[in-house]
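Undergrad: Have a look at this one.
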Amino acid sequence: MTATAGNPFICTDNTNFLVASTGNLSKRSLASGASVYSVAVSNISTTADPVVASDYVYVATTDGYVYKKDAGDLTPIATFGQISGAPSINLPLLLSGTTLYVTPNNGTLYALPLSTMTRQIGP
Amino acid sequence: MTVNSGATLAGTGTVNGTVNASVAGAIISPGVGAAGTLYISNNLTLGSGSILNFDIGVSSDQIAVTGNLTLNGTINLSGVAGAATKTILTYTGTLTGSGLTIGSIASGYSATISTATANQVNLIIVATITPVWSATGLGTIQGGALTESAIYLGAYSSDSLYCRSLSDGSRKWSYYTGNSVSSAAERPPTITSAQPIPSSHQKGTMFSALLTMAEIAHKYLQRI
């Protein structure tokens, strides 16, 4: 199967970038393209490019989910959805202040808070 | 050792031998009042009606099996206060069974079970994101742009442009881009004179117009 990759998002460290490709979210080196981390994300959208804010990355899927992951190691932090009807999220996620705006193809605009979710420390 | 229906195997330490919790209502609860590890020196069988009660926190309950693991039943989670990935069971032999179902968990969180890593059963806890607001009836949105206070959306299916407040999603104005305007009062007057709205349905043209409108509207709002 041929993979499709979306637009990369350059990380704030100017060392790596994040990119959505078929079935995967990857963090890769800007210098070499080598994979730093890669996690499987079912039905990840390659047109709703990943967005990074405050050390977290947000990715959308073609079946109505938005996932928040740690931008460092891509561990899962929070989930929005599944939106009723499982609409595809094809458009880039829009970020303003502390809110992420998501526009799936179901005619609805969602405003998602960035601050809701925390990470629990420990093994 | 067999755990009967309604009985609970609880605490820390080591069970020497197999543990059979295959009957419905058999309960295993590692730790006593705090997180702890229960060691089982041989196989563990969890039936579809068995129940695991786990404390999840900075330190979490765990079951360590030296042998085969038959994984079925329901796991109830207490103490969840953040996103985390926890190893809840380890085993040295083979893994069989249909897997665990998530039972109770704190409001605002959801969890999944992963057996992708050999010899581990991992619990992945994530927060559930609740929208601040949502706005419906916008058609099939083709593009969007932001200013400090508003979001501008172009919808191909309804041939319209929408301006919504960022603070609550309320309608500032909407504009029909086809042959007629739904209401002249629905758009800032500077837009039509400064930037004709294309009748084309092409996405690129629509999006360019959208960005221009966002810029014009932002300047307009700054003046008033």
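Labels for the structure tokens follow display order: chains A, B, ..., residues from 1 in each chain, ligands from 1.
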Taking the chain letters and numbering used in this document, name the residues of stretch 42-117 of chain A that DSSP puts in strand (DSSP E), as an mmCIF file with C-alpha atoms, in the first residue's frame.

TA:
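Result file part34.cif:
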```cif
data_model
loop_
_atom_site.group_PDB
_atom_site.id
_atom_site.type_symbol
_atom_site.label_atom_id
_atom_site.label_comp_id
_atom_site.auth_asym_id
_atom_site.auth_seq_id
_atom_site.Cartn_x
_atom_site.Cartn_y
_atom_site.Cartn_z
ATOM 1 C CA VAL A 51 -0.788 21.318 15.106
ATOM 2 C CA VAL A 52 1.530 21.801 18.086
ATOM 3 C CA ALA A 53 0.719 23.996 21.089
ATOM 4 C CA TYR A 56 1.274 18.888 22.776
ATOM 5 C CA VAL A 57 0.383 17.839 19.256
ATOM 6 C CA TYR A 58 -3.166 17.619 17.952
ATOM 7 C CA VAL A 59 -4.133 15.342 15.076
ATOM 8 C CA ALA A 60 -7.479 14.563 13.484
ATOM 9 C CA VAL A 66 -9.159 14.575 17.465
ATOM 10 C CA TYR A 67 -6.264 13.218 19.487
ATOM 11 C CA LYS A 68 -3.982 15.147 21.801
ATOM 12 C CA LYS A 69 -0.538 13.629 22.260
ATOM 13 C CA ASP A 70 2.631 14.619 24.017
ATOM 14 C CA PRO A 76 -1.714 9.753 24.211
ATOM 15 C CA ILE A 77 -3.116 12.490 26.441
ATOM 16 C CA ALA A 78 -6.713 13.163 25.430
ATOM 17 C CA THR A 79 -9.391 12.345 22.891
ATOM 18 C CA PHE A 80 -12.289 14.282 21.386
ATOM 19 C CA LEU A 94 -7.076 26.190 13.585
ATOM 20 C CA LEU A 95 -5.430 27.363 16.783
ATOM 21 C CA SER A 96 -6.111 30.640 18.563
ATOM 22 C CA THR A 99 -8.723 27.019 21.891
ATOM 23 C CA LEU A 100 -8.501 24.646 18.955
ATOM 24 C CA TYR A 101 -11.144 25.034 16.233
ATOM 25 C CA VAL A 102 -12.154 21.905 14.359
ATOM 26 C CA LEU A 109 -17.651 24.046 14.096
ATOM 27 C CA TYR A 110 -16.216 22.793 17.392
ATOM 28 C CA ALA A 111 -14.176 24.872 19.848
ATOM 29 C CA LEU A 112 -11.976 22.586 21.946
ATOM 30 C CA PRO A 113 -10.150 23.756 25.085
#
```

Undergrad: Wanna dump the chain B-chain A contacts at 6 Å for me, each residue with its shortest atom pair and the distance in Å to one decimal, counting only C-alpha atoms, ordered by chain and number, as JSON lines?

TA:
```
{"residue": "B:Val58", "atom": "CA", "partner": "A:Gly122", "partner_atom": "CA", "distance": 4.6}
{"residue": "B:Gly82", "atom": "CA", "partner": "A:Gln120", "partner_atom": "CA", "distance": 4.6}
{"residue": "B:Ala83", "atom": "CA", "partner": "A:Arg119", "partner_atom": "CA", "distance": 4.5}
{"residue": "B:Ala84", "atom": "CA", "partner": "A:Gln120", "partner_atom": "CA", "distance": 5.2}
{"residue": "B:Lys86", "atom": "CA", "partner": "A:Pro123", "partner_atom": "CA", "distance": 5.9}
{"residue": "B:Val126", "atom": "CA", "partner": "A:Ala78", "partner_atom": "CA", "distance": 4.5}
{"residue": "B:Ala127", "atom": "CA", "partner": "A:Ala78", "partner_atom": "CA", "distance": 4.3}
{"residue": "B:Thr128", "atom": "CA", "partner": "A:Thr79", "partner_atom": "CA", "distance": 5.2}
{"residue": "B:Ile129", "atom": "CA", "partner": "A:Phe80", "partner_atom": "CA", "distance": 4.7}
{"residue": "B:Pro131", "atom": "CA", "partner": "A:Leu112", "partner_atom": "CA", "distance": 4.5}
{"residue": "B:Val132", "atom": "CA", "partner": "A:Ala111", "partner_atom": "CA", "distance": 5.5}
{"residue": "B:Trp133", "atom": "CA", "partner": "A:Ala111", "partner_atom": "CA", "distance": 5.5}
{"residue": "B:Ser134", "atom": "CA", "partner": "A:Tyr110", "partner_atom": "CA", "distance": 4.4}
{"residue": "B:Ala135", "atom": "CA", "partner": "A:Leu109", "partner_atom": "CA", "distance": 5.1}
{"residue": "B:Thr136", "atom": "CA", "partner": "A:Thr108", "partner_atom": "CA", "distance": 4.2}
{"residue": "B:Gly137", "atom": "CA", "partner": "A:Gly107", "partner_atom": "CA", "distance": 5.2}
{"residue": "B:Leu138", "atom": "CA", "partner": "A:Gly107", "partner_atom": "CA", "distance": 4.3}
{"residue": "B:Gly139", "atom": "CA", "partner": "A:Gly107", "partner_atom": "CA", "distance": 4.2}
{"residue": "B:Thr140", "atom": "CA", "partner": "A:Asn105", "partner_atom": "CA", "distance": 5.3}
```

Undergrad: Using only N, CA and C atoms, please write the residues we just selected to a file, as a PDB file, in the first residue's frame.

TA:
```
ATOM      1  N   VAL B  58      -0.036   7.797  40.812  1.00  0.00           N
ATOM      2  CA  VAL B  58       1.400   7.902  40.568  1.00  0.00           C
ATOM      3  C   VAL B  58       2.024   6.515  40.661  1.00  0.00           C
ATOM      4  N   GLY B  82      -5.477  11.705  35.598  1.00  0.00           N
ATOM      5  CA  GLY B  82      -4.734  12.277  34.478  1.00  0.00           C
ATOM      6  C   GLY B  82      -4.442  11.227  33.436  1.00  0.00           C
ATOM      7  N   ALA B  83      -4.002  11.702  32.282  1.00  0.00           N
ATOM      8  CA  ALA B  83      -3.638  10.767  31.218  1.00  0.00           C
ATOM      9  C   ALA B  83      -2.396   9.992  31.628  1.00  0.00           C
ATOM     10  N   ALA B  84      -2.359   8.734  31.287  1.00  0.00           N
ATOM     11  CA  ALA B  84      -1.216   7.909  31.680  1.00  0.00           C
ATOM     12  C   ALA B  84      -1.243   6.595  30.912  1.00  0.00           C
ATOM     13  N   LYS B  86      -0.111   2.753  31.867  1.00  0.00           N
ATOM     14  CA  LYS B  86       0.303   1.941  33.012  1.00  0.00           C
ATOM     15  C   LYS B  86       0.370   0.467  32.622  1.00  0.00           C
ATOM     16  N   VAL B 126      -6.772   8.266  28.750  1.00  0.00           N
ATOM     17  CA  VAL B 126      -6.763   9.604  28.158  1.00  0.00           C
ATOM     18  C   VAL B 126      -7.933  10.406  28.709  1.00  0.00           C
ATOM     19  N   ALA B 127      -7.748  11.732  28.689  1.00  0.00           N
ATOM     20  CA  ALA B 127      -8.851  12.612  29.076  1.00  0.00           C
ATOM     21  C   ALA B 127      -9.843  12.709  27.934  1.00  0.00           C
ATOM     22  N   THR B 128     -11.077  12.961  28.263  1.00  0.00           N
ATOM     23  CA  THR B 128     -12.110  13.164  27.254  1.00  0.00           C
ATOM     24  C   THR B 128     -12.292  14.656  27.045  1.00  0.00           C
ATOM     25  N   ILE B 129     -12.097  15.106  25.828  1.00  0.00           N
ATOM     26  CA  ILE B 129     -12.198  16.533  25.527  1.00  0.00           C
ATOM     27  C   ILE B 129     -13.662  16.901  25.304  1.00  0.00           C
ATOM     28  N   PRO B 131     -16.116  19.995  24.111  1.00  0.00           N
ATOM     29  CA  PRO B 131     -16.039  21.297  23.446  1.00  0.00           C
ATOM     30  C   PRO B 131     -16.486  22.430  24.368  1.00  0.00           C
ATOM     31  N   VAL B 132     -15.856  23.586  24.212  1.00  0.00           N
ATOM     32  CA  VAL B 132     -16.317  24.792  24.896  1.00  0.00           C
ATOM     33  C   VAL B 132     -17.667  25.184  24.322  1.00  0.00           C
ATOM     34  N   TRP B 133     -17.764  25.094  23.024  1.00  0.00           N
ATOM     35  CA  TRP B 133     -19.024  25.312  22.320  1.00  0.00           C
ATOM     36  C   TRP B 133     -18.940  24.654  20.961  1.00  0.00           C
ATOM     37  N   SER B 134     -20.083  24.529  20.311  1.00  0.00           N
ATOM     38  CA  SER B 134     -20.103  24.078  18.927  1.00  0.00           C
ATOM     39  C   SER B 134     -21.195  24.852  18.206  1.00  0.00           C
ATOM     40  N   ALA B 135     -20.996  25.029  16.908  1.00  0.00           N
ATOM     41  CA  ALA B 135     -21.966  25.759  16.088  1.00  0.00           C
ATOM     42  C   ALA B 135     -22.335  24.882  14.907  1.00  0.00           C
ATOM     43  N   THR B 136     -23.624  24.670  14.711  1.00  0.00           N
ATOM     44  CA  THR B 136     -24.082  23.721  13.692  1.00  0.00           C
ATOM     45  C   THR B 136     -24.651  24.448  12.466  1.00  0.00           C
ATOM     46  N   GLY B 137     -24.960  23.664  11.449  1.00  0.00           N
ATOM     47  CA  GLY B 137     -25.657  24.186  10.274  1.00  0.00           C
ATOM     48  C   GLY B 137     -24.803  25.006   9.339  1.00  0.00           C
ATOM     49  N   LEU B 138     -23.533  24.693   9.252  1.00  0.00           N
ATOM     50  CA  LEU B 138     -22.618  25.488   8.446  1.00  0.00           C
ATOM     51  C   LEU B 138     -22.321  24.883   7.081  1.00  0.00           C
ATOM     52  N   GLY B 139     -22.966  23.808   6.724  1.00  0.00           N
ATOM     53  CA  GLY B 139     -22.693  23.201   5.426  1.00  0.00           C
ATOM     54  C   GLY B 139     -21.346  22.500   5.423  1.00  0.00           C
ATOM     55  N   THR B 140     -20.892  22.176   4.237  1.00  0.00           N
ATOM     56  CA  THR B 140     -19.599  21.514   4.101  1.00  0.00           C
ATOM     57  C   THR B 140     -18.508  22.570   4.012  1.00  0.00           C
TER      58      THR B 140
END
```

Undergrad: Using DSSP on the backbone coordinates, identify the residues of stretch 11-207 of chain B assigned to helix (DSSP H, G or I); present them as number ranges by chain.

TA: B: 184-186, 189-194, 203-207

Undergrad: Which polymer residues have any atom within 10 Å of an atom of B:Thr90, counting only C-alpha atoms, with same-chain residues fewer than 4 positions away left out, as a PyMOL selection string?

TA: chain B and resi 39+62-69+118-122

Undergrad: Hey, what's within 10 Å of stretch 99-101 of chain B if we count only C-alpha atoms and toss same-chain stuff fewer than 4 positions away? As a PyMOL selection string, please?

TA: chain B and resi 46-48+50-52+70-76+95+111-115+121+123

Undergrad: Can you spit out the residues from that selection as a short mmCIF file (atom, residue, chain, number, x, y, z; two decimals), in the first residue's frame, using C-alpha atoms?

TA:
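This is the output file selection-v7.cif:
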```
data_model
loop_
_atom_site.label_atom_id
_atom_site.label_comp_id
_atom_site.auth_asym_id
_atom_site.auth_seq_id
_atom_site.Cartn_x
_atom_site.Cartn_y
_atom_site.Cartn_z
CA LEU B 46 -9.52 -14.67 34.26
CA GLY B 47 -13.00 -15.62 33.04
CA SER B 48 -15.36 -13.37 31.12
CA SER B 50 -14.31 -11.94 36.48
CA ILE B 51 -13.62 -8.50 37.92
CA LEU B 52 -10.35 -6.68 38.50
CA THR B 70 -5.85 -15.98 30.15
CA LEU B 71 -7.22 -12.48 29.87
CA ASN B 72 -10.97 -11.87 30.06
CA GLY B 73 -13.36 -9.94 32.28
CA THR B 74 -13.81 -6.37 33.41
CA ILE B 75 -11.41 -3.95 35.07
CA ASN B 76 -12.66 -1.15 37.32
CA LEU B 95 -1.40 -14.80 26.39
CA ALA B 111 -9.21 3.98 28.77
CA THR B 112 -8.16 1.24 26.42
CA ILE B 113 -6.20 -1.97 26.91
CA SER B 114 -3.13 -2.73 24.82
CA THR B 115 -1.42 -6.09 24.55
CA VAL B 121 -0.91 -5.73 29.45
CA LEU B 123 -3.69 0.44 30.29
#
```

Undergrad: Write out as a list in words each polymer residue whose atoms come within 7 Å of A:Ser29, counting only C-alpha atoms; drop sequence neighbours fewer than 3 positions from it.

TA: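 After dropping sequence-adjacent residues, the list is Thr15, Asn16, Phe17, Ser32, Gly33, Ala34, Ser35 and Val36 of chain A.
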
Undergrad: Counting only C-alpha atoms, which residue out of A:Ala20, A:Leu74, A:Ala86, A:Ala5 sits closest to A:Val39?

TA: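 Answer, going by the shortest atom-to-atom distance: A:Leu74.
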
Undergrad: Kindly give the distance, in Å, that separates atom CA of B:Phe54 and atom CA of B:Thr94, rounded to a single decimal.

TA: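 Between atom CA of B:Phe54 and atom CA of B:Thr94 the gap works out to 22.6 Å.
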
Undergrad: Work out how far atom CA of B:Ile105 is from atom CA of B:Ser5, in Å to one decimal.

TA: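 The value is 22.7 Å.
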
Undergrad: For the atom pair atom CA of A:Asn14 and atom CA of A:Tyr37, what is the interatomic distance in Å to one decimal place?

TA: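 Atom-to-atom, atom CA of A:Asn14 to atom CA of A:Tyr37, that is 15.8 Å.
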